[in-house]
Amino acid sequence: MFDFNSYHKAKSVDEAIALLSQNPEAIPLAGGTDVLVRLHGHNKNYRHLVDIHDVAELKKVTMESDGTIVIGSGMTFTGLAHSPVVCENIPVLNEGGSSIGGPQVRNVATVGGNICNGAPSGDSASPLLVLNATVELKGPDGIRRLPLYDFYQGPGQVDRKAGEIMTCLRVAADDYRGWSAHYYKYAMRGAMDIATIGCGAACKVVDGKIAGLRLGFVVAGPTPLRCWRTEEKTIGMQADEELIDIVKNSVLGDLRPRDSWRAAKDFREQIIKTLAERVLREAIKRNIRNTEME
Amino acid sequence: MVVGTSVQRVDGVAKVTGKARYTDDFTMPGMRVAKYLRSTIAHGRVSSIDTSQAKALPGVDGVFTFEDVPKRIYATAGHPYSLDPHHMDITDRYLLTDHVRYMGDEIAIVVAVSDLIATKALSLIDVEYEPYQPLVEAKDALAKDAVEIHKGTGNVVKAHSFVAGGDLDAVRKECDQLLEGQYKTQIVQHCHLENHTAYAYMDDLERIVIVSSTQIPHIARRIVAEALEIDTGLIRVIKPTIGGGFGNKQDVILEPMVAFLTKKLDGIPVRLKLDREEGMVGTRVRHPFDVKVQIGLDQEGTVKLIHFDALSNTGAYASHGHSIVSAGAAKTHYMYPRAVYSCTAKTIYSNIPAAGAMRAYGSPQMTFAIECAMEEAARTLGMDSAEFRLRNGARAGDKSQITKKPIMTCGLLDSIKKGKDLIGWDKKRALWPKEQTGEVRNGLGVAIFSYGSGTYPVCVEPASARLILNQDGSAHLQVGATEIGQGSDTAFAQMAAESLGFSFSKIHVVSCQDTDVTPFDTGSYASRQTYVTGQAVMRTAEQLKAKILHHASIISGLEATLITISGDNIVISESPEIVVMSVQDVAIDAYYNKERGGQITAEATYKARNNPHVFGCTFVDLSVDIPLCRVKINEIYNIHDSGIIINPLMAEGQVHGGMAMGIGAALFEELMVDPDSGKIYNNNLLDYKVPTIMDIPDLGAAFVEPNEPTHPYGSKSLGEPPIISPAPAIRNAILDATGVAINELPMSPKTIFKYFKNAGLI
Ligand SMILES: Cc1cc2nc3c(=O)[nH]c(=O)nc-3n(C[C@H](O)[C@H](O)[C@H](O)COP(=O)(O)OP(=O)(O)OC[C@H]3O[C@@H](n4cnc5c(N)ncnc54)[C@H](O)[C@@H]3O)c2cc1C
């Protein structure tokens, strides 16, 4: 039995914004797979809910004329796995999404919820970070956009202002065309688990040289992180074993893995280094294969 | 033939269609909800408790604390009563306590009209504690100045030692080599699907009815009577369908409390249902062991001596703690019965959740230690690991060093040979490189086990059954034994049908136990039911058959000795194709003929005075990804000697379940305790890593089937054994792959990381 005080079901984004604005304590409820867990624990911050679960405008993926992919925040991970736009252009999002929970969870859990929940472990975060995704929010004062990286502010904290709803995530054509990516979730179990470390890599290899490289990790710091310094170092380098070595030995400098009872810091570091190497190698392999095919 | 065939489970359809009714599916008008107030410290005393605000909350029927419960100490272990005063279970619990012994100890309880109000009421109770230093590990609990968790115990539940089969010092001198090792097993939890739940009500001024998810309804009835000082006959325990127990419901956990509450509240129905997080600390766990093993060998590679020194941690309350190590030691002794077998053991109290019975009862821990040590022995001698076990393992005709009785049937060596074939042992050994390099390396491993079929001669082994012939020629079978998912009801129906000459569909098993009406049986534990209760079923069936034939002879005028039952008909024994009449004809006549007959029923009770041992092994082929510290099982087989298999498909399912649970304990699961505070970090199914379907490889099960002479159908136990040998086999395969001996469980990536780092592999 849940201990909540108010519940309203919104039919549109604007109605949701209005409902949220009327009650500063209210929070959005999408798939509820994070919210209900908190309600189960009688968490007092989740007593007023605005249900956006059935808001149709949030539940679609489209491609704009300039190639920008617009992912509605209400898309479930099962929905994303069946979206041709996602499968054909940014399959790495589904590598992350399909690692979430189990089939039942993915049938209701949304990508917007995964990001807005602000967990350092969100499995869609790392793919979206290496796709350079932009977050779009709509609130009483209108629409604003910001890079996903900046949306994360701390563990469980995101830059969502009062009354705001995340409407979509946007990936620009330049951020996926010509790129290849890979995400690998390292967890203690093959399903129904939070990542111990999650690693995403995207790269663009031109004439054997790195034209672009992005690395995104989850559970390697207080928020999902990019490896800015390592990424910068690699630009223009030959895509070979030496590059992999450099990346492997440099990523820890960009990350802040924690010691906890769940996993010790030195263990996480071992996994980070191994994943950086293996995931990047796979992304490069895919890019070279894709380019050859074109 | 019905026995030996894979007939469909009697409860299969009801379970998969959701028709089977579990304890929580029953409700009654006016039923109340009870919730425990659990301590927030691991060790100390409640110095004050104020429940006035909780009591004042609308919707609260009552709040009871340690001050309100009977000043009566009782034991919770689900053993049969013992006539031997030295063999009684340990009484160390009150219904509620002010002496807090683990984080989560039960100090008060609220009864309210709803779950939410009960939860709110709990938050309104003010408790102050006088905290003591939490004693989490053995070194803390056994320190000179340690506070006694239970007065007068020195924090030792039991210490014992024995030597069987010879003089320890003398054999030591005869040995060419003495090897030593130390092995640790972790705390694991049963994680049965259905949490603990029970409710109680009164149907007159004295009688208390308890409906509970229990493996042991008859024992629960006695323990409730003891805890509340009520006559046994006034207590009625009903067991509906159960969603698993694995030993955690071989303990009396909620029943005395619900009985107490309904009695206090004038008989209104009260339900007490633990959620997962609560159940993982507030019921029972498996005892963690720390075992030093010494193996003595001669030059030929014969094991001359096995000595171990075991420390078992029972946590806050004894539960089964006084018997786990000795049971584990006695049952594993049959693996290598020709060696001198010696044990010193100590079980301690500490401020962690209470450990109790769990599938295979001490044997997985002991077997892990012994089979790791045996692997070291084989490797030190340069012998093939399987060959070493073939040389030293039990054979039929060997005598137990402990009971001095011969082992009548033993398929151990055949199961090892079968396992070698299934996994391709010799072929892979020849093909695989001797020295492996690279990030991913392959390994082969083996481990063996032995186990019992019940608890005799340590405990009494009673079983009873009743058969009632129905008007349609079918029969209802009632047993005191409990179906808890293992399939015993189906096995009983098969045995009854076989003995009666009925078709399987003509036996209706009453799956619900009700101590007011079901015949006496101590319940489901120790892998006893098919072996022990099966014999009561067979005897009852023979009686019923004789009565049916007697009445058929009255009707037909044929001598009863000339006729028998086959295919639901009365037939001529010598010419079974000649049908005299149907069993249904006999039944109708017996029920309704005005001049003769009566209801045809039979009942038999039986005490087993044998305990045949079962044997088997696990073979595994796995790969270790060294940089990721991760094990992948490529192939795994369990081979079992459980005598003649009653139902091959169900037996295979039982083995698969046990293997999966064994793999969980080997590679994934551990309940983690903060050594400073005694807090359990991961009492939920997210952080406690029960493996998922993605983590369990294809499982192979095979059987060797010697015919056990002490059972009418040649059967021996199979319930618990499949869990025993996967962990050491996996450990031995990791050693084979990497050269690194991992001597603690679980061999999760975190543990493997530590060992690989020490070994310089990463
Ligand atoms: C069994 C189980 C397994 C899980 N496994 C994983 C896993 O493997 N990996 C993983 O990353 N996560 C996992 N999760 C967590 C969870 O499923 C995901 O984070 C999921 O994506 C959350 O989406 P939701 O729609 O259910 O969010 P909700 O629970 O509805 O919301 C989550 C948070 O986001 C806010 N929110 C939701 N939508 C919006 C919006 N459009 N605008 C603004 N705020 C919004 C809510 O207010 C809330 O704070 C698991 C959860 C469960 C129960």
# chains A, B, ... in the order shown; residues from 1 in each chain; ligands from 1
$ residues_around --residues "range 167-178 of chain A" --least-positions-apart "2" --cutoff "10 Å" --atoms "only C-alpha atoms" --output "PyMOL selection string"
chain A and resi 13+57-75+89-90+111-112+115+128-139+143+145-148+164-165+180-181+202-206+211-212+287+290-291
$ write_last_selection --atoms "C-alpha atoms" --output "PDB file, in the first residue's frame"
ATOM      1  CA  VAL A  13       2.268  18.304 -21.740  1.00  0.00           C
ATOM      2  CA  GLU A  57       2.948  13.621 -27.630  1.00  0.00           C
ATOM      3  CA  LEU A  58       5.811  12.292 -25.490  1.00  0.00           C
ATOM      4  CA  LYS A  59       5.640   8.806 -26.931  1.00  0.00           C
ATOM      5  CA  LYS A  60       7.184   9.027 -30.360  1.00  0.00           C
ATOM      6  CA  VAL A  61      10.515   9.100 -32.158  1.00  0.00           C
ATOM      7  CA  THR A  62      10.840  11.300 -35.222  1.00  0.00           C
ATOM      8  CA  MET A  63      13.530  12.523 -37.551  1.00  0.00           C
ATOM      9  CA  GLU A  64      13.542  16.177 -38.541  1.00  0.00           C
ATOM     10  CA  SER A  65      14.461  17.273 -42.055  1.00  0.00           C
ATOM     11  CA  ASP A  66      18.042  18.089 -41.038  1.00  0.00           C
ATOM     12  CA  GLY A  67      18.476  14.556 -39.732  1.00  0.00           C
ATOM     13  CA  THR A  68      18.036  15.432 -36.059  1.00  0.00           C
ATOM     14  CA  ILE A  69      16.534  12.510 -34.185  1.00  0.00           C
ATOM     15  CA  VAL A  70      13.909  13.523 -31.634  1.00  0.00           C
ATOM     16  CA  ILE A  71      13.230  10.948 -28.948  1.00  0.00           C
ATOM     17  CA  GLY A  72      10.077  11.560 -26.936  1.00  0.00           C
ATOM     18  CA  SER A  73      10.775  11.332 -23.228  1.00  0.00           C
ATOM     19  CA  GLY A  74       7.823   8.978 -22.781  1.00  0.00           C
ATOM     20  CA  MET A  75       9.285   6.317 -25.073  1.00  0.00           C
ATOM     21  CA  ASN A  89      20.743   5.287 -36.848  1.00  0.00           C
ATOM     22  CA  ILE A  90      21.603   5.092 -33.168  1.00  0.00           C
ATOM     23  CA  VAL A 111      14.002   7.032 -21.350  1.00  0.00           C
ATOM     24  CA  GLY A 112      12.845  10.354 -19.875  1.00  0.00           C
ATOM     25  CA  ILE A 115      17.489  10.481 -17.346  1.00  0.00           C
ATOM     26  CA  LEU A 128      23.086   9.373 -24.995  1.00  0.00           C
ATOM     27  CA  LEU A 129      26.240  11.086 -23.752  1.00  0.00           C
ATOM     28  CA  VAL A 130      28.365   9.605 -26.513  1.00  0.00           C
ATOM     29  CA  LEU A 131      25.665  10.704 -28.975  1.00  0.00           C
ATOM     30  CA  ASN A 132      26.063  14.241 -27.623  1.00  0.00           C
ATOM     31  CA  ALA A 133      22.336  14.359 -26.897  1.00  0.00           C
ATOM     32  CA  THR A 134      20.522  17.552 -26.018  1.00  0.00           C
ATOM     33  CA  VAL A 135      17.723  17.695 -23.476  1.00  0.00           C
ATOM     34  CA  GLU A 136      14.569  19.649 -24.225  1.00  0.00           C
ATOM     35  CA  LEU A 137      12.386  20.851 -21.360  1.00  0.00           C
ATOM     36  CA  LYS A 138       9.099  22.666 -21.412  1.00  0.00           C
ATOM     37  CA  GLY A 139       7.834  24.649 -18.457  1.00  0.00           C
ATOM     38  CA  ILE A 143      11.038  25.672 -23.933  1.00  0.00           C
ATOM     39  CA  ARG A 145      17.480  23.118 -24.457  1.00  0.00           C
ATOM     40  CA  LEU A 146      20.759  22.151 -22.891  1.00  0.00           C
ATOM     41  CA  PRO A 147      23.399  19.457 -23.394  1.00  0.00           C
ATOM     42  CA  LEU A 148      22.603  16.249 -21.515  1.00  0.00           C
ATOM     43  CA  GLU A 164       9.142  21.578 -16.110  1.00  0.00           C
ATOM     44  CA  ILE A 165       8.646  18.409 -18.100  1.00  0.00           C
ATOM     45  CA  SER A 180      29.818   4.057 -34.718  1.00  0.00           C
ATOM     46  CA  ALA A 181      29.235   3.298 -31.098  1.00  0.00           C
ATOM     47  CA  ALA A 202      31.539   6.374 -30.075  1.00  0.00           C
ATOM     48  CA  CYS A 203      34.071   7.062 -32.770  1.00  0.00           C
ATOM     49  CA  LYS A 204      34.526   8.282 -36.256  1.00  0.00           C
ATOM     50  CA  VAL A 205      37.553   6.978 -38.098  1.00  0.00           C
ATOM     51  CA  VAL A 206      38.633   8.728 -41.260  1.00  0.00           C
ATOM     52  CA  ALA A 211      38.258  12.103 -36.415  1.00  0.00           C
ATOM     53  CA  GLY A 212      36.143  11.959 -33.285  1.00  0.00           C
ATOM     54  CA  ASN A 287      33.143   2.076 -37.706  1.00  0.00           C
ATOM     55  CA  ASN A 290      30.464   0.428 -41.631  1.00  0.00           C
ATOM     56  CA  THR A 291      32.674   2.741 -43.653  1.00  0.00           C
TER      57      THR A 291
END
$ residues_near_ligand --ligand "ligand 1" --cutoff "8 Å" --atoms "only C-alpha atoms and all ligand atoms" --output "PyMOL selection string"
(chain A and resi 27-37+52-53+58+73-74+76-77+97+99-102+105-106+108-119+121-125+137+160+164-168+191-195) or (chain B and resi 686)
$ write_last_selection --atoms "C-alpha atoms" --output "tab-separated table (two decimals), in the first residue's frame"
chain	number	residue	atom	x	y	z
A	27	ILE	CA	6.51	15.36	-9.35
A	28	PRO	CA	5.97	13.70	-12.71
A	29	LEU	CA	5.20	9.99	-12.86
A	30	ALA	CA	6.10	8.33	-16.15
A	31	GLY	CA	6.62	4.53	-16.13
A	32	GLY	CA	6.87	4.67	-12.34
A	33	THR	CA	9.66	2.11	-12.13
A	34	ASP	CA	11.75	4.47	-10.03
A	35	VAL	CA	8.90	6.36	-8.39
A	36	LEU	CA	7.03	3.26	-7.23
A	37	VAL	CA	10.16	1.83	-5.66
A	52	ILE	CA	2.29	11.73	-17.63
A	53	HIS	CA	2.29	8.08	-18.53
A	58	LEU	CA	5.81	12.29	-25.49
A	73	SER	CA	10.78	11.33	-23.23
A	74	GLY	CA	7.82	8.98	-22.78
A	76	THR	CA	9.68	3.04	-23.25
A	77	PHE	CA	12.80	0.99	-23.78
A	97	GLY	CA	18.14	0.29	-23.16
A	99	SER	CA	20.29	-3.95	-20.66
A	100	ILE	CA	17.79	-2.33	-18.31
A	101	GLY	CA	16.00	-4.57	-15.79
A	102	GLY	CA	14.03	-7.27	-17.54
A	105	VAL	CA	10.53	-3.26	-16.63
A	106	ARG	CA	11.46	-2.22	-20.16
A	108	VAL	CA	7.03	0.54	-18.86
A	109	ALA	CA	10.32	2.26	-18.01
A	110	THR	CA	10.86	5.40	-20.10
A	111	VAL	CA	14.00	7.03	-21.35
A	112	GLY	CA	12.84	10.35	-19.88
A	113	GLY	CA	12.45	8.73	-16.47
A	114	ASN	CA	15.83	7.10	-16.73
A	115	ILE	CA	17.49	10.48	-17.35
A	116	CYS	CA	15.34	12.64	-15.04
A	117	ASN	CA	15.84	10.20	-12.20
A	118	GLY	CA	19.45	11.40	-12.23
A	119	ALA	CA	20.94	8.06	-11.22
A	121	SER	CA	23.90	4.33	-13.15
A	122	GLY	CA	21.19	5.04	-15.75
A	123	ASP	CA	21.90	2.72	-18.63
A	124	SER	CA	20.61	5.07	-21.30
A	125	ALA	CA	22.86	7.89	-20.05
A	137	LEU	CA	12.39	20.85	-21.36
A	160	ARG	CA	14.78	20.35	-13.98
A	164	GLU	CA	9.14	21.58	-16.11
A	165	ILE	CA	8.65	18.41	-18.10
A	166	MET	CA	11.35	16.85	-20.20
A	167	THR	CA	9.73	16.59	-23.59
A	168	CYS	CA	12.46	14.97	-25.63
A	191	ALA	CA	19.69	-9.01	-16.05
A	192	MET	CA	17.76	-7.20	-13.32
A	193	ASP	CA	20.82	-5.37	-12.13
A	194	ILE	CA	22.30	-1.92	-11.82
A	195	ALA	CA	25.61	-1.50	-13.61
B	686	LEU	CA	18.46	-5.95	-6.21
$ interface_residues --of "chain A" --to "chain B" --cutoff "12 Å" --atoms "only C-alpha atoms" --output "number ranges by chain"
A: 1-4, 37, 39-42, 99, 101-102, 185-197, 260-278
$ select_by_dssp --residues "range 125-190 of chain A" --states "strand (DSSP E)" --output "compact mmCIF listing (two decimals) with C-alpha atoms, in the first residue's frame"
# COMPACT_ATOMS: atom_id res chain seq x y z
CA THR A 134 20.52 17.55 -26.02
CA VAL A 135 17.72 17.69 -23.48
CA GLU A 136 14.57 19.65 -24.22
CA LEU A 137 12.39 20.85 -21.36
CA LYS A 138 9.10 22.67 -21.41
CA GLY A 139 7.83 24.65 -18.46
CA GLY A 142 8.53 27.99 -22.34
CA ILE A 143 11.04 25.67 -23.93
CA ARG A 144 14.75 25.42 -23.21
CA ARG A 145 17.48 23.12 -24.46
CA LEU A 146 20.76 22.15 -22.89
CA PRO A 147 23.40 19.46 -23.39
CA TYR A 152 23.24 16.16 -14.71
CA GLN A 153 24.11 18.07 -11.56
CA GLY A 154 24.89 15.45 -8.96
CA GLN A 157 20.03 15.72 -9.17
CA VAL A 158 19.16 17.11 -12.57
CA ILE A 165 8.65 18.41 -18.10
CA MET A 166 11.35 16.85 -20.20
CA THR A 167 9.73 16.59 -23.59
CA CYS A 168 12.46 14.97 -25.63
CA LEU A 169 16.09 14.16 -26.20
CA ARG A 170 17.63 15.36 -29.44
CA VAL A 171 20.55 13.90 -31.37
CA SER A 180 29.82 4.06 -34.72
CA ALA A 181 29.23 3.30 -31.10
CA HIS A 182 29.03 0.52 -28.56
CA TYR A 183 27.76 0.24 -24.99
CA TYR A 184 28.65 -2.50 -22.53
CA LYS A 185 27.11 -2.88 -19.13
CA TYR A 186 29.19 -4.68 -16.56
$ closest_residue --among "A:Val50, A:Ala162, A:Val251, A:Cys199" --to "Pro127 in chain A" --atoms "only C-alpha atoms"
A:Cys199
$ residues_around --residues "Ser123 in chain B" --least-positions-apart "2" --cutoff "12 Å" --atoms "only C-alpha atoms" --output "JSON, numbers by chain"
{"A": [42], "B": [35, 36, 37, 38, 50, 51, 52, 53, 54, 55, 57, 108, 109, 110, 116, 117, 118, 119, 120, 121, 125, 126, 127]}
$ residues_around --residues "Ile633 in chain B" --least-positions-apart "6" --cutoff "7 Å" --atoms "only C-alpha atoms" --output "MDAnalysis selection string"
chainID B and resid 621:623 697
$ residues_around --residues "Gly616 in chain B" --least-positions-apart "3" --cutoff "9 Å" --atoms "only C-alpha atoms" --output "PyMOL selection string"
chain B and resi 411-416+447-450+638-642+703-704+721-722+725
$ atom_distance --atom1 "CA of Glu375 in chain B" --atom2 "CA of Ala357 in chain B"
27.8 Å
$ atom_distance --atom1 "CA of Trp432 in chain B" --atom2 "CA of Val303 in chain B"
28.4 Å
$ atom_distance --atom1 "CA of Leu234 in chain B" --atom2 "CA of Asn248 in chain B"
25.5 Å
$ select_by_dssp --residues "range 197-308 of chain B" --states "helix (DSSP H, G or I)" --output "ChimeraX atom specification"
/B:217-228,232-234,255-264,276-282
$ write_last_selection --atoms "C-alpha atoms" --output "short mmCIF file (atom, residue, chain, number, x, y, z; two decimals), in the first residue's frame"
data_model
loop_
_atom_site.label_atom_id
_atom_site.label_comp_id
_atom_site.auth_asym_id
_atom_site.auth_seq_id
_atom_site.Cartn_x
_atom_site.Cartn_y
_atom_site.Cartn_z
CA PRO B 217 2.54 -28.08 10.22
CA HIS B 218 2.58 -30.77 12.90
CA ILE B 219 5.83 -29.50 14.44
CA ALA B 220 4.57 -25.92 14.23
CA ARG B 221 1.52 -26.95 16.23
CA ARG B 222 3.68 -28.39 19.01
CA ILE B 223 5.97 -25.37 19.14
CA VAL B 224 3.07 -22.91 19.27
CA ALA B 225 1.67 -24.96 22.14
CA GLU B 226 5.04 -24.77 23.92
CA ALA B 227 5.55 -21.06 23.30
CA LEU B 228 2.09 -20.07 24.52
CA THR B 232 -1.55 -29.09 21.63
CA GLY B 233 -5.09 -30.22 20.90
CA LEU B 234 -6.36 -26.66 21.02
CA GLU B 255 3.01 -18.99 13.98
CA PRO B 256 3.42 -18.39 17.73
CA MET B 257 3.05 -14.65 17.21
CA VAL B 258 -0.17 -14.78 15.16
CA ALA B 259 -1.62 -17.22 17.68
CA PHE B 260 -0.66 -14.88 20.51
CA LEU B 261 -2.18 -11.85 18.76
CA THR B 262 -5.52 -13.40 17.92
CA LYS B 263 -5.79 -14.69 21.46
CA LYS B 264 -5.04 -11.23 22.83
CA ARG B 276 11.19 -9.44 1.23
CA GLU B 277 13.46 -6.91 2.91
CA GLU B 278 12.21 -7.92 6.34
CA GLY B 279 12.29 -11.62 5.59
CA MET B 280 15.88 -11.57 4.43
CA VAL B 281 17.05 -10.52 7.90
CA GLY B 282 14.12 -11.51 10.10
#
$ residues_around --residues "Asn611 in chain B" --least-positions-apart "2" --cutoff "12 Å" --atoms "only C-alpha atoms" --output "JSON, numbers by chain"
{"B": [330, 331, 334, 400, 403, 405, 406, 407, 408, 409, 451, 452, 453, 454, 455, 456, 457, 458, 459, 460, 461, 526, 527, 528, 531, 532, 607, 608, 609, 613, 614, 708, 709, 710, 711, 715, 716, 717]}
$ residues_around --residues "Glu25 in chain A" --least-positions-apart "5" --cutoff "10 Å" --atoms "only C-alpha atoms" --output "PyMOL selection string"
chain A and resi 6+20+45-49+162-163
$ write_last_selection --atoms "C-alpha atoms" --output "mmCIF file, in the first residue's frame"
data_model
loop_
_atom_site.group_PDB
_atom_site.id
_atom_site.type_symbol
_atom_site.label_atom_id
_atom_site.label_comp_id
_atom_site.auth_asym_id
_atom_site.auth_seq_id
_atom_site.Cartn_x
_atom_site.Cartn_y
_atom_site.Cartn_z
ATOM 1 C CA SER A 6 -2.541 13.505 -4.465
ATOM 2 C CA LEU A 20 2.988 20.760 -11.623
ATOM 3 C CA ASN A 45 9.098 13.343 -1.386
ATOM 4 C CA TYR A 46 6.889 11.330 -3.678
ATOM 5 C CA ARG A 47 3.481 11.948 -2.165
ATOM 6 C CA HIS A 48 2.084 14.164 -4.907
ATOM 7 C CA LEU A 49 2.075 12.772 -8.400
ATOM 8 C CA ALA A 162 9.816 23.873 -11.096
ATOM 9 C CA GLY A 163 6.928 22.952 -13.348
#
$ closest_residue --among "B:Ala560, B:Ala737, B:Ala354, B:Leu549" --to "Arg441 in chain B" --atoms "only C-alpha atoms"
B:Ala737
$ closest_residue --among "B:Cys191, B:Gly245, B:Phe504, B:Ala310" --to "Glu720 in chain B" --atoms "only C-alpha atoms"
B:Gly245
